[in-house]
Structures are given as structure tokens and as C-alpha cells.
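Enquirer: Just input_21.cif, nothing more (mmCIF, C-alpha atoms):
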```cif
data_final
loop_
_atom_site.label_atom_id
_atom_site.label_comp_id
_atom_site.auth_asym_id
_atom_site.auth_seq_id
_atom_site.Cartn_x
_atom_site.Cartn_y
_atom_site.Cartn_z
CA MET A 1 -107.79 112.46 16.54
CA GLN A 2 -106.17 113.08 13.18
CA GLU A 3 -107.89 111.29 10.33
CA SER A 4 -106.04 109.86 7.39
CA GLY A 5 -106.31 111.80 4.16
CA THR A 6 -104.90 112.18 0.68
CA VAL A 7 -101.64 114.06 0.22
CA HIS A 8 -100.45 115.87 -2.88
CA ASP A 9 -98.84 112.81 -4.48
CA GLY A 10 -102.10 110.84 -4.40
CA SER A 11 -101.11 108.50 -1.56
CA THR A 12 -103.09 108.17 1.67
CA GLU A 13 -101.68 109.73 4.83
CA GLN A 14 -101.80 107.48 7.87
CA PRO A 15 -102.58 108.67 11.45
CA ASP A 16 -98.88 108.59 12.32
CA GLY A 17 -98.09 110.98 9.48
CA THR A 18 -96.60 108.43 7.12
CA THR A 19 -98.01 107.80 3.67
CA GLU A 20 -98.55 104.70 1.61
CA SER A 21 -95.62 105.85 -0.53
CA ASP A 22 -93.40 105.97 2.57
CA GLU A 23 -94.48 102.48 3.59
CA LEU A 24 -93.94 101.08 0.11
CA ARG A 25 -90.51 102.68 -0.10
CA GLN A 26 -89.55 101.12 3.24
CA LEU A 27 -90.98 97.78 2.17
CA LEU A 28 -88.93 97.77 -1.02
CA ARG A 29 -85.74 98.71 0.77
CA GLY A 30 -86.30 95.95 3.31
CA LEU A 31 -86.74 93.12 0.83
CA GLU A 32 -83.93 90.58 0.94
CA VAL A 33 -81.84 90.00 -2.18
CA PHE A 34 -79.31 87.30 -3.06
CA ALA A 35 -80.73 84.92 -0.46
CA GLY A 36 -79.62 81.30 -0.23
CA GLU A 37 -76.51 79.61 -1.53
CA LEU A 38 -75.19 81.18 -4.70
CA PRO A 39 -73.03 79.49 -7.34
CA ASP A 40 -69.40 80.34 -7.90
CA PHE A 41 -68.21 81.99 -11.07
CA ASP A 42 -64.54 82.18 -12.02
CA PRO A 43 -64.32 84.28 -15.20
CA SER A 44 -60.73 83.16 -15.78
CA ARG A 45 -62.12 79.71 -16.54
CA ALA A 46 -64.88 80.91 -18.88
CA PRO A 47 -64.98 79.32 -22.35
CA GLY A 48 -63.99 81.13 -25.51
CA THR A 49 -67.51 81.90 -26.75
CA PRO A 50 -70.59 83.32 -25.03
CA VAL A 51 -72.80 80.55 -26.43
CA GLU A 52 -70.75 77.95 -24.54
CA LEU A 53 -71.01 79.83 -21.24
CA PHE A 54 -74.69 80.62 -21.74
CA THR A 55 -75.43 76.96 -22.37
CA ARG A 56 -73.62 76.01 -19.14
CA TRP A 57 -75.54 78.60 -17.14
CA LEU A 58 -78.87 77.64 -18.71
CA ARG A 59 -78.35 73.95 -17.95
CA HIS A 60 -77.35 74.88 -14.39
CA ALA A 61 -80.57 76.90 -14.03
CA ILE A 62 -82.62 73.94 -15.27
CA ARG A 63 -80.93 71.54 -12.85
CA ALA A 64 -81.44 74.04 -10.01
CA GLY A 65 -85.18 74.08 -10.66
CA VAL A 66 -85.43 77.69 -11.85
CA ARG A 67 -88.93 78.21 -13.22
CA GLU A 68 -89.08 79.04 -16.91
CA PRO A 69 -85.33 79.51 -17.27
CA HIS A 70 -85.80 80.06 -21.00
CA ALA A 71 -87.96 83.14 -20.43
CA MET A 72 -86.31 86.42 -21.36
CA THR A 73 -87.07 90.10 -21.67
CA VAL A 74 -86.91 91.19 -25.31
CA SER A 75 -86.31 94.93 -25.67
CA THR A 76 -86.85 96.76 -28.95
CA ALA A 77 -87.38 100.35 -30.09
CA ASP A 78 -89.94 101.85 -32.44
CA SER A 79 -89.22 104.12 -35.40
CA ASP A 80 -89.00 107.13 -33.02
CA GLY A 81 -86.52 105.36 -30.76
CA ARG A 82 -88.99 104.77 -27.93
CA PRO A 83 -88.15 101.53 -26.10
CA ALA A 84 -90.52 98.65 -25.44
CA ALA A 85 -89.98 95.38 -23.60
CA ARG A 86 -91.87 92.15 -23.06
CA MET A 87 -91.24 88.58 -21.91
CA LEU A 88 -90.77 85.88 -24.56
CA ILE A 89 -89.48 82.32 -24.70
CA LEU A 90 -86.07 81.49 -26.13
CA LYS A 91 -86.52 79.09 -29.06
CA ASP A 92 -82.90 78.13 -29.70
CA VAL A 93 -79.32 79.27 -29.24
CA GLY A 94 -76.23 78.37 -31.21
CA PRO A 95 -73.22 79.86 -32.99
CA GLU A 96 -75.55 81.95 -35.16
CA GLY A 97 -77.21 83.59 -32.14
CA TRP A 98 -80.26 83.65 -29.86
CA ARG A 99 -83.61 82.93 -31.50
CA PHE A 100 -87.21 83.92 -30.77
CA ALA A 101 -90.46 84.17 -32.75
CA SER A 102 -93.13 86.81 -33.25
CA GLU A 103 -95.99 87.83 -35.48
CA ALA A 104 -94.90 90.33 -38.14
CA GLY A 105 -97.93 92.54 -37.49
CA SER A 106 -97.43 92.70 -33.71
CA PRO A 107 -95.82 95.76 -32.12
CA LYS A 108 -92.51 93.98 -31.68
CA GLY A 109 -92.68 92.68 -35.25
CA ARG A 110 -93.20 96.20 -36.60
CA GLN A 111 -90.49 97.61 -34.36
CA LEU A 112 -87.97 95.02 -35.53
CA ALA A 113 -88.86 95.79 -39.15
CA ALA A 114 -88.17 99.49 -38.53
CA ARG A 115 -85.13 99.01 -36.28
CA PRO A 116 -83.69 95.48 -36.57
CA HIS A 117 -81.82 95.48 -33.28
CA ALA A 118 -82.76 94.00 -29.91
CA ALA A 119 -81.54 93.35 -26.40
CA LEU A 120 -82.31 90.15 -24.50
CA THR A 121 -82.15 89.86 -20.72
CA PHE A 122 -82.24 86.61 -18.77
CA TYR A 123 -82.48 86.73 -14.97
CA TRP A 124 -82.36 83.66 -12.74
CA SER A 125 -83.05 85.22 -9.34
CA SER A 126 -82.43 82.16 -7.17
CA LEU A 127 -78.91 81.96 -8.65
CA ALA A 128 -78.36 85.74 -8.75
CA ARG A 129 -77.37 85.38 -12.39
CA GLN A 130 -78.13 87.65 -15.30
CA VAL A 131 -77.22 87.43 -18.99
CA ARG A 132 -77.55 90.38 -21.37
CA VAL A 133 -77.42 89.92 -25.14
CA ARG A 134 -77.35 92.87 -27.59
CA GLY A 135 -77.05 93.00 -31.34
CA PRO A 136 -78.70 93.15 -34.77
CA VAL A 137 -81.66 90.93 -35.56
CA VAL A 138 -82.08 88.91 -38.77
CA ARG A 139 -85.17 87.14 -40.06
CA GLU A 140 -84.82 83.43 -40.61
CA SER A 141 -86.21 81.62 -43.64
CA ALA A 142 -89.91 80.98 -44.14
CA GLU A 143 -89.19 77.25 -43.82
CA HIS A 144 -87.62 77.68 -40.39
CA ALA A 145 -90.49 79.95 -39.29
CA ALA A 146 -93.06 77.40 -40.47
CA ALA A 147 -91.31 74.59 -38.59
CA ASP A 148 -91.31 76.69 -35.43
CA PHE A 149 -94.99 77.53 -35.81
CA LEU A 150 -96.05 73.92 -36.35
CA ALA A 151 -94.11 72.86 -33.24
CA ARG A 152 -96.38 75.05 -31.09
CA GLY A 153 -99.41 73.67 -29.29
CA ALA A 154 -102.81 73.81 -30.96
CA GLY A 155 -104.04 76.61 -28.71
CA ALA A 156 -100.97 78.75 -29.38
CA ARG A 157 -101.32 78.23 -33.13
CA ALA A 158 -105.01 79.07 -33.03
CA GLU A 159 -104.36 82.31 -31.16
CA ALA A 160 -101.57 83.32 -33.56
CA LEU A 161 -103.75 82.61 -36.59
CA LEU A 162 -106.20 85.25 -35.39
CA GLY A 163 -103.57 87.91 -36.10
CA ARG A 164 -104.99 90.33 -33.52
CA GLN A 165 -102.19 90.54 -30.96
CA SER A 166 -102.17 93.78 -28.93
CA ARG A 167 -105.31 95.15 -30.60
CA PRO A 168 -108.05 96.54 -28.33
CA LEU A 169 -110.41 93.85 -27.00
CA THR A 170 -113.93 95.19 -26.49
CA ASP A 171 -115.80 91.94 -25.95
CA PRO A 172 -114.25 88.86 -24.25
CA VAL A 173 -117.13 86.76 -25.62
CA GLU A 174 -116.06 87.66 -29.15
CA ARG A 175 -112.54 86.53 -28.32
CA GLU A 176 -113.76 83.13 -27.16
CA ARG A 177 -115.89 82.72 -30.28
CA ALA A 178 -113.04 83.68 -32.60
CA LEU A 179 -110.61 81.38 -30.78
CA ALA A 180 -113.03 78.45 -30.97
CA GLU A 181 -113.38 78.96 -34.72
CA SER A 182 -109.60 79.19 -35.08
CA LEU A 183 -109.09 75.98 -33.08
CA ALA A 184 -111.56 74.17 -35.33
CA ARG A 185 -109.60 75.43 -38.32
CA VAL A 186 -106.34 74.11 -36.85
CA GLU A 187 -107.95 70.71 -36.45
CA ARG A 188 -109.14 70.73 -40.06
CA GLU A 189 -105.84 72.05 -41.43
CA PRO A 190 -103.03 70.85 -39.12
CA GLY A 191 -100.36 72.12 -41.50
CA LEU A 192 -101.68 75.68 -41.54
CA VAL A 193 -99.07 78.38 -40.76
CA ALA A 194 -99.82 81.99 -39.86
CA PRO A 195 -98.58 84.05 -42.82
CA GLY A 196 -96.85 86.63 -40.63
CA TRP A 197 -95.11 84.21 -38.30
CA THR A 198 -91.45 85.19 -38.15
CA LEU A 199 -88.42 83.60 -36.56
CA HIS A 200 -85.80 86.14 -35.45
CA THR A 201 -82.16 85.60 -34.53
CA VAL A 202 -80.20 88.09 -32.45
CA ARG A 203 -76.61 87.97 -33.65
CA PRO A 204 -74.92 89.63 -30.71
CA ASP A 205 -72.21 92.25 -30.71
CA THR A 206 -71.89 91.86 -26.94
CA VAL A 207 -72.97 89.31 -24.34
CA GLU A 208 -72.55 90.04 -20.62
CA PHE A 209 -72.66 87.52 -17.78
CA TRP A 210 -73.40 88.87 -14.31
CA GLN A 211 -73.01 86.89 -11.09
CA GLY A 212 -74.45 88.56 -8.02
CA ASP A 213 -72.79 88.61 -4.60
CA ARG A 214 -74.32 89.39 -1.20
CA SER A 215 -71.60 91.89 -0.39
CA ARG A 216 -72.22 93.56 -3.78
CA ARG A 217 -68.85 92.40 -5.13
CA HIS A 218 -70.60 91.26 -8.27
CA THR A 219 -68.69 89.62 -11.11
CA ARG A 220 -69.32 90.90 -14.63
CA LEU A 221 -67.77 89.30 -17.70
CA ARG A 222 -68.46 90.74 -21.14
CA TYR A 223 -67.81 89.11 -24.50
CA VAL A 224 -67.26 91.58 -27.36
CA ARG A 225 -67.34 90.41 -30.95
CA GLU A 226 -64.16 91.04 -32.90
CA GLY A 227 -64.24 89.77 -36.46
CA ASP A 228 -65.00 86.07 -36.32
CA GLY A 229 -64.02 85.76 -32.65
CA TRP A 230 -64.66 87.17 -29.21
CA ARG A 231 -62.73 89.34 -26.78
CA ARG A 232 -63.42 88.93 -23.06
CA GLU A 233 -63.22 91.72 -20.51
CA LEU A 234 -64.17 92.21 -16.88
CA LEU A 235 -66.40 95.12 -15.87
CA TRP A 236 -66.68 97.02 -12.63
CA PRO A 237 -69.81 96.03 -10.64
#
```
Before we go any further, please render this structure as C-alpha cells.
Expert:
Amino acid sequence: MQESGTVHDGSTEQPDGTTESDELRQLLRGLEVFAGELPDFDPSRAPGTPVELFTRWLRHAIRAGVREPHAMTVSTADSDGRPAARMLILKDVGPEGWRFASEAGSPKGRQLAARPHAALTFYWSSLARQVRVRGPVVRESAEHAAADFLARGAGARAEALLGRQSRPLTDPVERERALAESLARVEREPGLVAPGWTLHTVRPDTVEFWQGDRSRRHTRLRYVREGDGWRRELLWP
């Protein structure tokens, strides 16, 4: 009887000759996408600005029960042009752009200081809808940043006040001790604001709305900034 073993790519070979990589590949290809009833999207009836359409789609996602519909992937690049991405929460959206917050000393904060451009991606899987926002990033005033910071929960403020995001953690006990001390400080000084807390606004050059379709006849509508207005164009799926 043939025993399973390790093949050259590091995966385990099964008795039937298949590998874990083969099984995973088949599993991925067999996963269903665009399940359930999907919303309609008629781009000819889209409003004149991307903020208006985004607000409609976001409210639809909230009504549909999408979990964390305000979560988005924020993509940046470092000084060498190497990309990085992480999930953040949208703080606000309006005519000036899409807004999020970060600590100036964090990796994303340093990357935005070196290259003040970002891409935001929203994906509401149960609706098969995606929104992509790209453009330069501007820092909002210290007053606006302070207001955003003070609107956070006590635990979130205490963690931010530590100023250690993304640094190596060698002792979880030390983290708990430092966080407890920071929480006590927040209670003593409720108006305390982390000095590096920064509110960023992406002022988009382009915003794309993507509506998925089971037959892959996806609808893509892109808004392109032109002066003080927007041009709309359809894209091939």
C-alpha cells in the first residue's frame, strides 16, 4: 500500500496520488459565488456624483443586514512603492471625500506621509457589490482629529494612547499591564488625545461601482473627476 508523503511543493500526497494543494484548488473552484437574490443596478439612472450613489449603496447594505458595511480595505504604498493593505472603518463621507483615521507613527501613517495617496475598497458580498475609491489623501485639522479621537470608546482610546501599533510584542502580560495603566489614565483625563492621531480624507480622482452578476455580465460604472464635476463611463466586466 502506498503511504502518503511530502511532495516537492511542501504539500502532503494522499494515497490516491492527489495532494493537499490539488484538493484546496478544487475546493476553491467549487465554492459558490453570487448566491441569493442580487439587487438591480441601472447605471443610466445613477446620480451625478459618486458620493450620492455610494450613500445609496451603503444605506442599502445596512438595510440588507450586511455585517460591518462601513469596513473597507485601505491600500497604501511605502517610500519604495511597495503596497500594503489593511481593513479600517469609514468615519465619514461627503463632498470632500472619504474619511478614515490612523496613528501618525503607524505603518500606514508613515506611508501616507511619504506617499499621500490611497485606494479604498468596499465589498458587500451578499449583494455582490464593490466600490473602489482612488485619489490623493489630505490631513484634516487637529481639531477634527481630536473630535474623532474623543468619539472613540475608552478601550480604543487607551490602546491608541500607547502608541505601539505594529511593534513587536514579546510579552502579552506586559501588554495587559500597559493597557490597564492607559485605561486608568483615560478615566483620569477624559479629554486626553493621542498626539499622533490623524484624520485623513481621500479626495478621489476616480470612484468605481461594480455590481456582480451570476452569468458574469457584471456592471461597472466609473466616475472620473473633471474639474469641479464628474464624468461617468461604463467599463467592460
Enquirer: Using all atoms listed in the file, which of the listed residues (A:Arg222, A:Glu159, A:Lys91, A:Phe41) sits closest to Glu176 (chain A)?
Expert: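 Smallest separation from Glu176 (chain A) among the options: A:Glu159.
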Enquirer: Considering all atoms listed in the file, can you say which of A:Ala128, A:Ala147, A:Ala119, A:Leu199 comes closest to Trp57 (chain A)?
Expert: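 Among the listed residues, A:Ala128 lies closest to Trp57 (chain A).
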Enquirer: Nearest to Asp213 (chain A) among A:Arg115, A:Arg67, A:Arg29, A:Arg129, with distances taken over all atoms listed in the file: which residue is it?
Expert: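 Of the candidates, the smallest distance to Asp213 (chain A) is held by A:Arg129.
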Enquirer: Rounded to one decimal, what separation in Å do you get between CA of Thr121 (chain A) and CA of Met72 (chain A)?
Expert: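 A separation of 5.4 Å between them.
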Enquirer: Find, counting all atoms listed in the file, the residue in A:Pro95, A:Pro43, A:Gly65, A:Gly48 that gets nearest to Pro204 (chain A).
Expert: A:Pro95
